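Notes for the one structure printed next.
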Amino acid sequence: MDQITWKDFEKVELRVGTISRVEDFPEARKPAYKLWVDFGAELGEKKSSAQIVKHYTKEELIGKQVIGVINFPEKQIGPVLSQVLVTGFEDDSGNVVLATPDKRVPNGKKLF
């Protein structure tokens with residue numbers, strides 16, 4: 001495993017946001033949702049897609065806080081221009097479990 005410095009880690013903008021809107025993403029190659037995540041007044045709402053349909057319904061995602069990388073370049077994923085990478089972990093079956101704070105924190109706060 002490559003080691004990084006603290007300075008390298010500080011370059012990654014891992015921020016907390018709240019999912020405000022979820023839609024099906026039928027054009028995706030693998031089952032996915034379109035997500036809109038509110039990162040607070042300073043950063044605003046950002047759009048993404050996530051292959052999380054195995055563990056989450058659209059209804060339970062609304063209001064859920066997630067951790068996202070907000071300083072990657074935008075990436076076109078089919079018809080969706082992804083503005084944030086929502087983070088998660090693979091379970092034993094290869095399905096994504098979202099990385100979330102265990103208590104509510106203000107949107108936009110940075111992970112450190």
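The way I read the labels, and the way they are meant: chains A, B, ... in the order of the structure tokens, residue 1 as the first residue of every chain, and ligand 1 as the first ligand shown, with later ones counted on from there.
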
Could you pull the residues within 9 Å of A:Phe72, counting only C-alpha atoms, minus those fewer than 6 positions along the same chain, as a list in words?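 Here the qualifying residues turn out to be Val12, Glu13, Gln83, Val84 and Leu85 of chain A.
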
Show me, as a list of chain:residue names, the residues that have an atom within 9 Å of A:Ser48 when counting only C-alpha atoms, minus same-chain residues fewer than 5 positions from it.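 The contact residues come out as A:Tyr33, A:Lys34, A:Leu35, A:Trp36, A:Val37, A:Ile77, A:Val80, A:Leu81, A:Ser82, A:Gln83, A:Val84, A:Leu85, A:Val86.
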
If you run DSSP over the backbone, which residues in chain A end up alpha helix (DSSP H)? Put them as a PyMOL selection string. chain A and resi 6-10+40-43+58-61

Selection file, N, CA, C and O atoms, as a CSV table (one decimal), in the first residue's frame:
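And here's part.csv as it stands now:
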chain,number,residue,atom,x,y,z
A,6,TRP,N,0.3,13.9,5.2
A,6,TRP,CA,-0.8,14.7,5.6
A,6,TRP,C,-1.2,15.7,4.6
A,6,TRP,O,-2.4,16.0,4.4
A,7,LYS,N,-0.2,16.3,4.0
A,7,LYS,CA,-0.5,17.3,2.9
A,7,LYS,C,-1.2,16.7,1.8
A,7,LYS,O,-2.1,17.4,1.2
A,8,ASP,N,-0.9,15.5,1.4
A,8,ASP,CA,-1.7,14.8,0.3
A,8,ASP,C,-3.1,14.6,0.8
A,8,ASP,O,-4.1,14.9,0.0
A,9,PHE,N,-3.3,14.2,2.0
A,9,PHE,CA,-4.7,13.9,2.5
A,9,PHE,C,-5.5,15.2,2.6
A,9,PHE,O,-6.7,15.2,2.2
A,10,GLU,N,-4.9,16.3,2.9
A,10,GLU,CA,-5.6,17.6,3.0
A,10,GLU,C,-6.1,18.0,1.6
A,10,GLU,O,-7.1,18.8,1.6
A,40,GLY,N,-24.6,22.4,1.8
A,40,GLY,CA,-24.7,23.6,2.6
A,40,GLY,C,-24.6,24.8,1.7
A,40,GLY,O,-24.3,24.8,0.5
A,41,ALA,N,-24.7,26.0,2.4
A,41,ALA,CA,-24.8,27.3,1.7
A,41,ALA,C,-23.5,27.6,0.9
A,41,ALA,O,-23.6,28.1,-0.2
A,42,GLU,N,-22.4,27.3,1.4
A,42,GLU,CA,-21.1,27.6,0.8
A,42,GLU,C,-20.9,26.8,-0.5
A,42,GLU,O,-20.4,27.3,-1.5
A,43,LEU,N,-21.2,25.5,-0.5
A,43,LEU,CA,-20.9,24.6,-1.6
A,43,LEU,C,-22.1,24.3,-2.4
A,43,LEU,O,-22.0,23.9,-3.6
A,58,LYS,N,-35.3,4.7,-2.7
A,58,LYS,CA,-35.3,6.1,-2.9
A,58,LYS,C,-35.8,6.9,-1.7
A,58,LYS,O,-35.3,7.9,-1.3
A,59,GLU,N,-36.9,6.3,-1.1
A,59,GLU,CA,-37.5,7.0,0.1
A,59,GLU,C,-36.6,7.0,1.3
A,59,GLU,O,-36.5,8.1,2.0
A,60,GLU,N,-35.9,6.0,1.5
A,60,GLU,CA,-35.0,6.0,2.7
A,60,GLU,C,-33.7,6.8,2.5
A,60,GLU,O,-33.0,7.2,3.5
A,61,LEU,N,-33.4,7.1,1.3
A,61,LEU,CA,-32.2,7.9,1.0
A,61,LEU,C,-32.4,9.4,1.2
A,61,LEU,O,-31.5,10.2,1.6

Give the strand (DSSP E or B) residues of chain A, as assigned by DSSP on the backbone, as an NGL selection string. :A and (14-24 or 33-38 or 45-50 or 65-69 or 75-77 or 80-82 or 85-86 or 88-90 or 96-98 or 110)

Quick one, how far is atom CA of A:Thr100 from atom CA of A:Ile52?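 That distance, rounded to one decimal, is 13.4 Å.
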